[in-house]
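J.: This one is protein-v9.txt, compact mmCIF, C-alpha atoms.
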# COMPACT_ATOMS: atom_id res chain seq x y z
CA MET O 1 -20.47 -5.07 -13.65
CA THR O 2 -18.66 -7.01 -10.93
CA ALA O 3 -20.92 -8.00 -8.07
CA ILE O 4 -19.80 -6.59 -4.74
CA THR O 5 -20.96 -8.22 -1.51
CA MET O 6 -21.13 -6.04 1.58
CA ARG O 7 -19.89 -8.03 4.58
CA GLU O 8 -20.39 -5.34 7.22
CA GLU O 9 -20.60 -1.57 7.58
CA HIS O 10 -20.30 0.95 10.40
CA ALA O 11 -21.01 4.65 10.84
CA SER O 12 -17.77 6.44 11.67
CA CYS O 13 -16.68 10.09 11.93
CA GLY O 14 -19.74 11.34 10.08
CA GLY O 15 -19.18 8.87 7.23
CA ARG O 16 -19.26 5.12 6.76
CA VAL O 17 -16.75 2.28 6.87
CA GLY O 18 -17.68 -0.83 4.88
CA PHE O 19 -15.97 -4.15 4.24
CA TYR O 20 -16.69 -5.88 0.97
CA SER O 21 -15.83 -8.91 -1.14
CA HIS O 22 -16.03 -9.58 -4.88
CA PRO O 23 -14.93 -12.21 -7.42
CA SER O 24 -11.61 -10.95 -8.80
CA THR O 25 -10.81 -11.78 -12.40
CA THR O 26 -7.19 -10.77 -11.81
CA LEU O 27 -6.64 -13.03 -8.80
CA GLY O 28 -9.03 -15.76 -9.87
CA LEU O 29 -10.39 -15.82 -6.32
CA GLU O 30 -12.68 -13.85 -4.05
CA ALA O 31 -10.97 -10.64 -2.96
CA ARG O 32 -11.74 -8.42 0.01
CA PHE O 33 -11.32 -4.71 0.61
CA GLY O 34 -12.44 -1.98 2.98
CA VAL O 35 -13.71 1.53 2.16
CA PHE O 36 -14.26 4.67 4.20
CA LEU O 37 -16.57 7.23 2.62
CA PRO O 38 -16.75 10.71 4.18
CA GLU O 39 -20.03 12.52 4.61
CA ARG O 40 -19.85 14.33 1.27
CA ALA O 41 -19.44 11.05 -0.60
CA LEU O 42 -22.49 9.60 1.14
CA ALA O 43 -24.41 12.58 -0.24
CA GLY O 44 -23.27 11.67 -3.75
CA GLU O 45 -20.41 14.15 -4.19
CA LYS O 46 -17.30 12.61 -5.76
CA VAL O 47 -14.33 12.96 -3.43
CA PRO O 48 -10.58 12.25 -3.74
CA VAL O 49 -9.54 8.71 -2.86
CA LEU O 50 -6.50 7.42 -1.00
CA PHE O 51 -5.48 3.76 -1.19
CA VAL O 52 -3.84 2.45 2.00
CA LEU O 53 -1.68 -0.67 1.82
CA ALA O 54 -0.99 -2.68 4.97
CA GLY O 55 2.04 -4.80 5.78
CA LEU O 56 2.93 -8.44 6.31
CA THR O 57 0.28 -10.62 8.03
CA CYS O 58 -2.37 -7.89 7.80
CA THR O 59 -5.80 -7.88 6.12
CA GLU O 60 -8.12 -5.33 4.54
CA GLU O 61 -9.31 -4.42 8.04
CA THR O 62 -5.98 -3.65 9.68
CA PHE O 63 -5.17 -0.16 8.43
CA LEU O 64 -8.69 1.20 8.73
CA ILE O 65 -9.09 -0.09 12.28
CA LYS O 66 -5.63 0.55 13.75
CA SER O 67 -4.16 3.63 12.07
CA ASN O 68 -6.71 6.29 13.10
CA ALA O 69 -6.69 7.40 9.46
CA VAL O 70 -10.50 7.50 9.25
CA ARG O 71 -10.81 10.46 11.61
CA PHE O 72 -8.44 12.62 9.59
CA ALA O 73 -9.73 11.45 6.23
CA ALA O 74 -13.18 12.58 7.38
CA GLU O 75 -11.83 16.02 8.27
CA HIS O 76 -10.24 16.44 4.83
CA GLY O 77 -13.07 14.83 2.86
CA LEU O 78 -11.02 11.92 1.53
CA ALA O 79 -12.25 8.40 0.80
CA LEU O 80 -9.98 5.54 1.90
CA VAL O 81 -9.62 2.17 0.18
CA ALA O 82 -7.84 -0.69 1.96
CA PRO O 83 -7.17 -3.85 -0.08
CA ASP O 84 -6.16 -7.17 1.39
CA THR O 85 -2.43 -7.95 1.47
CA SER O 86 -2.58 -11.09 -0.69
CA PRO O 87 -4.96 -13.54 -2.32
CA ARG O 88 -6.65 -15.92 0.12
CA GLY O 89 -7.16 -19.61 -0.43
CA ALA O 90 -5.03 -19.96 -3.55
CA GLY O 91 -3.90 -23.41 -2.46
CA ALA O 92 -0.27 -22.81 -3.43
CA PRO O 93 2.06 -25.25 -1.68
CA GLY O 94 3.68 -23.57 1.32
CA GLU O 95 1.55 -20.43 1.21
CA ASP O 96 0.62 -20.74 4.90
CA GLU O 97 3.94 -21.98 6.28
CA THR O 98 5.65 -18.65 7.04
CA TYR O 99 4.45 -15.11 7.73
CA ASP O 100 6.61 -13.47 5.05
CA LEU O 101 5.63 -15.50 1.99
CA GLY O 102 2.24 -16.50 0.63
CA THR O 103 -0.91 -15.63 2.56
CA GLY O 104 -0.68 -12.09 3.95
CA ALA O 105 2.53 -11.45 2.01
CA GLY O 106 1.65 -10.70 -1.60
CA PHE O 107 4.18 -7.81 -1.88
CA TYR O 108 1.79 -5.97 -4.26
CA LEU O 109 3.41 -7.50 -7.35
CA ASP O 110 2.52 -10.03 -10.07
CA ALA O 111 4.22 -13.37 -9.51
CA THR O 112 5.70 -14.97 -12.62
CA ARG O 113 6.86 -18.27 -11.12
CA GLU O 114 5.08 -21.45 -10.13
CA PRO O 115 3.21 -22.15 -7.93
CA TRP O 116 2.37 -18.47 -7.38
CA ARG O 117 1.67 -16.95 -10.78
CA ALA O 118 -1.93 -18.10 -11.23
CA HIS O 119 -3.30 -16.14 -8.27
CA TYR O 120 -0.58 -13.98 -6.73
CA ARG O 121 -1.21 -10.97 -8.97
CA MET O 122 -1.62 -8.18 -6.44
CA GLY O 123 0.31 -5.79 -8.68
CA SER O 124 -2.34 -5.84 -11.40
CA TYR O 125 -5.11 -5.98 -8.83
CA ILE O 126 -3.91 -2.79 -7.10
CA GLY O 127 -2.86 -1.13 -10.33
CA HIS O 128 -5.96 -1.78 -12.41
CA GLU O 129 -8.84 -3.97 -11.25
CA LEU O 130 -9.50 -2.54 -7.80
CA PRO O 131 -9.27 1.17 -8.79
CA GLU O 132 -11.73 0.54 -11.64
CA LEU O 133 -14.08 -1.31 -9.31
CA ILE O 134 -13.93 1.53 -6.78
CA ARG O 135 -14.45 4.16 -9.50
CA THR O 136 -17.61 2.51 -10.77
CA SER O 137 -19.04 1.52 -7.39
CA PHE O 138 -18.48 4.48 -5.07
CA ALA O 139 -18.64 8.29 -5.16
CA VAL O 140 -14.93 8.88 -5.75
CA ASP O 141 -13.01 11.02 -8.23
CA ASP O 142 -10.45 8.62 -9.68
CA THR O 143 -8.52 11.48 -11.27
CA ARG O 144 -7.57 12.48 -7.72
CA ARG O 145 -6.13 9.22 -6.42
CA GLY O 146 -3.23 8.78 -3.98
CA ILE O 147 -1.46 5.85 -2.35
CA MET O 148 0.08 5.23 1.07
CA GLY O 149 1.37 2.18 2.91
CA HIS O 150 3.20 0.66 5.87
CA SER O 151 6.20 -1.69 5.72
CA MET O 152 5.45 -4.14 2.87
CA GLY O 153 2.59 -1.77 2.01
CA GLY O 154 5.01 1.15 2.01
CA HIS O 155 7.09 -0.76 -0.51
CA GLY O 156 3.95 -1.27 -2.61
CA ALA O 157 2.95 2.38 -2.41
CA LEU O 158 6.37 3.64 -3.48
CA VAL O 159 6.69 1.17 -6.37
CA HIS O 160 3.19 1.77 -7.75
CA ALA O 161 3.52 5.56 -7.51
CA LEU O 162 6.96 5.66 -9.13
CA ARG O 163 5.90 3.39 -11.99
CA ALA O 164 2.57 5.12 -12.63
CA PRO O 165 2.77 8.71 -11.36
CA ARG O 166 -0.10 9.85 -13.57
CA ALA O 167 -2.44 7.35 -11.93
CA TRP O 168 -1.22 7.91 -8.36
CA LYS O 169 -1.15 11.66 -7.80
CA SER O 170 0.31 11.54 -4.26
CA VAL O 171 2.39 9.07 -2.27
CA SER O 172 3.64 8.50 1.26
CA ALA O 173 4.85 5.64 3.43
CA PHE O 174 5.45 4.57 7.00
CA ALA O 175 8.58 2.47 7.59
CA PRO O 176 8.62 1.10 4.03
CA ILE O 177 10.79 -1.73 2.75
CA CYS O 178 12.75 0.74 0.65
CA HIS O 179 15.20 -1.60 -1.09
CA PRO O 180 13.70 -5.11 -1.02
CA ALA O 181 16.23 -6.51 -3.52
CA ILE O 182 18.96 -6.38 -0.84
CA VAL O 183 17.11 -7.39 2.34
CA PRO O 184 15.92 -10.81 3.60
CA TRP O 185 12.17 -10.12 3.29
CA GLY O 186 12.53 -8.99 -0.30
CA GLU O 187 15.09 -11.59 -1.35
CA LYS O 188 12.83 -14.38 -0.08
CA ALA O 189 9.67 -13.02 -1.72
CA PHE O 190 11.29 -11.99 -5.00
CA THR O 191 13.07 -15.33 -5.41
CA ALA O 192 9.80 -17.20 -4.88
CA TYR O 193 7.52 -14.93 -6.89
CA LEU O 194 9.87 -13.69 -9.64
CA GLY O 195 12.73 -16.19 -9.83
CA PRO O 196 16.47 -15.46 -9.85
CA ASP O 197 16.48 -12.69 -12.49
CA ARG O 198 17.45 -9.55 -10.60
CA ALA O 199 16.34 -7.35 -13.49
CA ALA O 200 12.80 -8.47 -12.66
CA TRP O 201 13.48 -7.65 -9.02
CA ALA O 202 14.57 -4.13 -9.93
CA ARG O 203 11.16 -3.37 -11.44
CA GLU O 204 9.63 -4.09 -8.02
CA ASP O 205 12.15 -2.14 -5.93
CA ALA O 206 11.60 1.57 -5.25
CA THR O 207 15.29 2.36 -4.85
CA CYS O 208 16.12 0.61 -8.13
CA LEU O 209 13.30 2.47 -9.85
CA LEU O 210 14.74 5.81 -8.74
CA GLU O 211 18.17 4.71 -9.96
CA ALA O 212 16.59 3.84 -13.32
CA GLY O 213 15.10 7.31 -13.67
CA HIS O 214 11.57 6.85 -12.35
CA THR O 215 10.44 9.81 -10.25
CA HIS O 216 7.22 11.26 -8.92
CA PRO O 217 6.24 14.89 -9.59
CA THR O 218 5.24 15.50 -5.96
CA GLU O 219 7.20 15.25 -2.75
CA ILE O 220 7.34 11.75 -1.26
CA LEU O 221 6.71 11.71 2.50
CA ILE O 222 8.27 8.91 4.55
CA ASP O 223 8.20 8.58 8.33
CA GLN O 224 10.56 6.09 10.00
CA GLY O 225 11.00 5.23 13.67
CA GLU O 226 14.59 5.03 14.85
CA ALA O 227 13.68 2.31 17.37
CA ASP O 228 12.12 0.17 14.64
CA GLN O 229 13.36 -3.39 15.12
CA PHE O 230 13.46 -3.91 11.34
CA LEU O 231 15.15 -0.64 10.39
CA HIS O 232 18.68 -1.79 9.59
CA ASP O 233 18.09 -5.37 8.42
CA GLN O 234 14.87 -5.04 6.40
CA LEU O 235 13.85 -1.45 5.66
CA ARG O 236 17.05 0.35 4.59
CA PRO O 237 15.82 3.91 3.91
CA GLU O 238 19.35 5.26 3.35
CA PRO O 239 19.82 3.88 -0.20
CA PHE O 240 16.40 5.24 -1.12
CA ARG O 241 17.33 8.66 0.27
CA ASP O 242 20.58 8.65 -1.70
CA ALA O 243 18.88 7.50 -4.92
CA ALA O 244 16.24 10.22 -4.51
CA ALA O 245 18.91 12.89 -4.15
CA GLN O 246 20.70 11.61 -7.25
CA ALA O 247 17.45 11.51 -9.25
CA GLY O 248 16.26 14.92 -8.10
CA GLN O 249 13.23 13.39 -6.40
CA LYS O 250 11.66 15.60 -3.75
CA LEU O 251 11.66 13.58 -0.51
CA ALA O 252 10.77 14.29 3.10
CA LEU O 253 12.35 11.43 5.07
CA ARG O 254 11.60 12.06 8.74
CA LEU O 255 13.31 9.98 11.44
CA HIS O 256 11.72 9.77 14.88
CA ALA O 257 13.62 8.80 18.00
CA GLY O 258 11.95 6.18 20.21
CA TYR O 259 9.32 5.00 17.71
CA ASP O 260 9.07 1.37 16.59
CA HIS O 261 7.36 -0.48 13.70
CA SER O 262 3.90 -0.68 15.25
CA TYR O 263 0.60 1.06 14.60
CA TRP O 264 1.30 3.19 17.68
CA PHE O 265 3.95 4.82 15.49
CA ILE O 266 1.53 5.20 12.58
CA GLN O 267 -1.14 6.74 14.82
CA SER O 268 1.38 9.34 15.97
CA PHE O 269 1.97 10.77 12.49
CA ILE O 270 -1.06 9.71 10.43
CA ALA O 271 -2.52 13.23 10.57
CA ASP O 272 0.50 14.56 8.69
CA HIS O 273 0.15 11.92 6.00
CA ILE O 274 -3.54 12.53 5.42
CA ALA O 275 -2.87 16.28 5.25
CA HIS O 276 -0.02 15.63 2.77
CA HIS O 277 -2.35 13.74 0.44
CA ALA O 278 -5.25 16.14 0.91
CA ALA O 279 -3.12 19.13 -0.05
CA ILE O 280 -2.21 17.46 -3.35
CA LEU O 281 -5.48 15.73 -4.16
CA ASN O 282 -7.61 18.74 -3.23
CA GLY O 283 -5.47 20.98 -5.41
CA GLY O 284 -3.51 23.07 -3.00
As structure tokens, how would this structure be written, given the file I've shared?

T.:
Amino acid sequence: MTAITMREEHASCGGRVGFYSHPSTTLGLEARFGVFLPERALAGEKVPVLFVLAGLTCTEETFLIKSNAVRFAAEHGLALVAPDTSPRGAGAPGEDETYDLGTGAGFYLDATREPWRAHYRMGSYIGHELPELIRTSFAVDDTRRGIMGHSMGGHGALVHALRAPRAWKSVSAFAPICHPAIVPWGEKAFTAYLGPDRAAWAREDATCLLEAGHTHPTEILIDQGEADQFLHDQLRPEPFRDAAAQAGQKLALRLHAGYDHSYWFIQSFIADHIAHHAAILNGG
């Protein structure tokens, strides 16, 4: 069994928030993650679990600390799992030169190109290693597992849920990068991590996945601020909306006047997202 090291823990909302590290066989490095366990889980009852993926420059602490998700997860009896946004200390040339590539910018995919492919394998880490580690280490019911994210993390949540809907029973996103293959953030990351083959890009793009016939059996909830500084150049929800309509994918895309890309926006609507996941994961 993989050894988990507890770095710190805190009582919160009747449950407990903990931050942990472990040697990751997928990443080939130490990996970090955060977990919130509600009161029932502390008593040994297995509860549904929601993975929360943060955006560019963030860490495993960001979503749990800033989103106010813990309070509402406690009310609904959900566990939360927050992975880091990339490997740390891989030593890849250039990994710390810009905010949107390398450290803090793993894009939740498996890199196939040098110098990234040895360690930048967040796709397999999120898809396989971390869920198995959580299942065997905490009182969670892995058959009731959902995924949610913000920005780059919203991209990751949509892609993972569309590609593996049986594993991820519910999905939502805040201001996701909906069509990374056509925006600067995605073009930069995909070129570096995956190379020039746009067919490989399509497998990591939620809009392309919908166009290729991948759907999720539940409604996808997306909230987007209309004052988001990245809305038109980087996020592009309109192609995703159109692809969902063509594919018959149930989608609630909610636009909010005056809201930007920050965690103040997330805090304003996080209760709806936790309730969305709870209704599915708790069976009604």

J.: Atom CA of O:Ser12 and atom CA of O:His160, how far apart in Å?

T.: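 These two atoms are separated by 29.0 Å.
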
J.: Calculate how many Å separate atom CA of O:Arg71 from atom CA of O:Ala271, rounding to one decimal.

T.: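 So the answer is 8.8 Å.
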
J.: I want to know what sits within 7 Å of O:Met148, based on all atoms listed in the file, with residues of the same chain fewer than 6 positions away left out; could you give that as a list in words?

T.: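 Near neighbours after the sequence-gap exclusion: Phe51, Val52, Leu53, Gly154, Ala157, Val171, Ser172 and Ala173 of chain O.
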
J.: Name the closest residue to O:His214 among the candidates O:Ala105, O:Ala69, O:Ala245, O:Leu162; distances are taken between atoms, counting all atoms listed in the file.

T.: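 Under the stated criterion, the closest residue is O:Leu162.
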
J.: Pick the closest to O:Asp205 from O:Leu235, O:Leu221, O:Ala41, O:Ala227: which is it, counting all atoms listed in the file?

T.: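 Closest to O:Asp205, using all atoms listed in the file: O:Leu235.
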
J.: Taking (2.5, 20.3, -4.0) in the file's coordinates, which residues come within 12 Å, counting all atoms listed in the file, written as an mmCIF file with C-alpha atoms, in the coordinates of the input?

T.:
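Generated file (selection.cif):
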data_model
loop_
_atom_site.group_PDB
_atom_site.id
_atom_site.type_symbol
_atom_site.label_atom_id
_atom_site.label_comp_id
_atom_site.auth_asym_id
_atom_site.auth_seq_id
_atom_site.Cartn_x
_atom_site.Cartn_y
_atom_site.Cartn_z
ATOM 1 C CA LYS O 169 -1.150 11.660 -7.800
ATOM 2 C CA SER O 170 0.310 11.540 -4.260
ATOM 3 C CA VAL O 171 2.390 9.070 -2.270
ATOM 4 C CA HIS O 216 7.220 11.260 -8.920
ATOM 5 C CA PRO O 217 6.240 14.890 -9.590
ATOM 6 C CA THR O 218 5.240 15.500 -5.960
ATOM 7 C CA GLU O 219 7.200 15.250 -2.750
ATOM 8 C CA ILE O 220 7.340 11.750 -1.260
ATOM 9 C CA LEU O 221 6.710 11.710 2.500
ATOM 10 C CA LYS O 250 11.660 15.600 -3.750
ATOM 11 C CA LEU O 251 11.660 13.580 -0.510
ATOM 12 C CA ALA O 275 -2.870 16.280 5.250
ATOM 13 C CA HIS O 276 -0.020 15.630 2.770
ATOM 14 C CA HIS O 277 -2.350 13.740 0.440
ATOM 15 C CA ALA O 278 -5.250 16.140 0.910
ATOM 16 C CA ALA O 279 -3.120 19.130 -0.050
ATOM 17 C CA ILE O 280 -2.210 17.460 -3.350
ATOM 18 C CA LEU O 281 -5.480 15.730 -4.160
ATOM 19 C CA ASN O 282 -7.610 18.740 -3.230
ATOM 20 C CA GLY O 283 -5.470 20.980 -5.410
ATOM 21 C CA GLY O 284 -3.510 23.070 -3.000
#

J.: Rank nothing, just name the residue among O:Pro237, O:Pro93, O:Pro23, O:Gly225 nearest to O:Ser268, using only C-alpha atoms.

T.: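 Nearest to O:Ser268: O:Gly225.
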
J.: What is the distance, in Å and to one decimal place, between atom CA of O:Gln249 and atom CA of O:Leu130?

T.: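 Interatomic distance here is 27.8 Å.
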
J.: Which of these residues is nearest to O:Thr103, using all atoms listed in the file: O:Gly195, O:Gly213, O:Gly14, O:Gly55?

T.: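 Distance minimum relative to O:Thr103 lands on O:Gly55.
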
J.: For each of O:Asp84, O:Asp228, O:Glu211, O:Glu187, take the minimum atom-to-atom distance to O:Ala244, counting all atoms listed in the file, then give the residue where this is smallest.

T.: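 Result for the nearest residue to O:Ala244: O:Glu211.
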
J.: Would you write out, as JSON lines, a table of all residues in stretch 25-112 of chain O that have an atom no more than 7 Å from an atom of stretch 137-144 of chain O, listing for each the closest atom pair and the distance in Å to one decimal, considering all atoms listed in the file and ordering rows by chain and rising residue number?

T.:
{"residue": "O:Ala41", "atom": "CA", "partner": "O:Ala139", "partner_atom": "CA", "distance": 5.4}
{"residue": "O:Gly44", "atom": "CA", "partner": "O:Ala139", "partner_atom": "CA", "distance": 5.9}
{"residue": "O:Glu45", "atom": "CA", "partner": "O:Ala139", "partner_atom": "CA", "distance": 6.2}
{"residue": "O:Lys46", "atom": "CA", "partner": "O:Val140", "partner_atom": "CA", "distance": 4.4}
{"residue": "O:Val47", "atom": "CA", "partner": "O:Val140", "partner_atom": "CA", "distance": 4.7}
{"residue": "O:Pro48", "atom": "CA", "partner": "O:Arg144", "partner_atom": "CA", "distance": 5.0}
{"residue": "O:Val49", "atom": "CA", "partner": "O:Val140", "partner_atom": "CA", "distance": 6.1}

J.: Counting only C-alpha atoms, what are the residues of stretch 166-237 of chain O within 12 Å of stretch 107-122 of chain O, and for each of them which pair of atoms is the nearest and at what distance in Å, to one decimal? Sort the table by chain and rising number, as a Markdown table.

T.:
| residue | atom | partner | partner_atom | distance |
| --- | --- | --- | --- | --- |
| O:Pro176 | CA | O:Phe107 | CA | 11.6 |
| O:Ile177 | CA | O:Phe107 | CA | 10.1 |
| O:Pro180 | CA | O:Phe107 | CA | 9.9 |
| O:Trp185 | CA | O:Phe107 | CA | 9.8 |
| O:Gly186 | CA | O:Phe107 | CA | 8.6 |
| O:Glu187 | CA | O:Phe107 | CA | 11.6 |
| O:Lys188 | CA | O:Phe107 | CA | 11.0 |
| O:Ala189 | CA | O:Phe107 | CA | 7.6 |
| O:Phe190 | CA | O:Ala111 | CA | 8.5 |
| O:Thr191 | CA | O:Arg113 | CA | 8.9 |
| O:Ala192 | CA | O:Arg113 | CA | 7.0 |
| O:Tyr193 | CA | O:Ala111 | CA | 4.5 |
| O:Leu194 | CA | O:Thr112 | CA | 5.3 |
| O:Gly195 | CA | O:Arg113 | CA | 6.4 |
| O:Pro196 | CA | O:Arg113 | CA | 10.1 |
| O:Asp197 | CA | O:Thr112 | CA | 11.0 |
| O:Ala200 | CA | O:Thr112 | CA | 9.6 |
| O:Trp201 | CA | O:Leu109 | CA | 10.2 |
| O:Ala202 | CA | O:Leu109 | CA | 11.9 |
| O:Arg203 | CA | O:Leu109 | CA | 9.7 |
| O:Glu204 | CA | O:Leu109 | CA | 7.1 |
| O:Asp205 | CA | O:Leu109 | CA | 10.4 |

J.: For O:Leu56, which of O:Leu101, O:Val17, O:Ile222, O:Ile182 is the closest residue, counting all atoms listed in the file?

T.: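 Under the stated criterion, the closest residue is O:Leu101.
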
J.: Could you name the residues that touch O:Phe265 at 10 Å or less, counting only C-alpha atoms, but leaving out those on the same chain fewer than 5 positions away, as JSON, numbers by chain?

T.: {"O": [67, 174, 175, 223, 224, 225, 228, 256, 258, 259, 260, 270]}

J.: Can I get the selection written as a PDB file, keeping the file's coordinate frame, with C-alpha atoms?

T.:
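Full text of result.pdb as output:
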ATOM      1  CA  SER O  67      -4.160   3.630  12.070  1.00  0.00           C
ATOM      2  CA  PHE O 174       5.450   4.570   7.000  1.00  0.00           C
ATOM      3  CA  ALA O 175       8.580   2.470   7.590  1.00  0.00           C
ATOM      4  CA  ASP O 223       8.200   8.580   8.330  1.00  0.00           C
ATOM      5  CA  GLN O 224      10.560   6.090  10.000  1.00  0.00           C
ATOM      6  CA  GLY O 225      11.000   5.230  13.670  1.00  0.00           C
ATOM      7  CA  ASP O 228      12.120   0.170  14.640  1.00  0.00           C
ATOM      8  CA  HIS O 256      11.720   9.770  14.880  1.00  0.00           C
ATOM      9  CA  GLY O 258      11.950   6.180  20.210  1.00  0.00           C
ATOM     10  CA  TYR O 259       9.320   5.000  17.710  1.00  0.00           C
ATOM     11  CA  ASP O 260       9.070   1.370  16.590  1.00  0.00           C
ATOM     12  CA  ILE O 270      -1.060   9.710  10.430  1.00  0.00           C
TER      13      ILE O 270
END

J.: Give as a PyMOL selection string each residue that has an atom at most 12 Å from (-16.1, 4.7, 7.1) in the file, counting all atoms listed in the file.

T.: chain O and resi 8-19+34-42+61+64-65+68-74+77-82

J.: Hey, what's within 9 Å of O:Gly102 if we count only C-alpha atoms and toss same-chain stuff fewer than 2 positions away? As a ChimeraX atom specification, please?

T.: /O:86-88,92,94-100,104-106,116,120,189
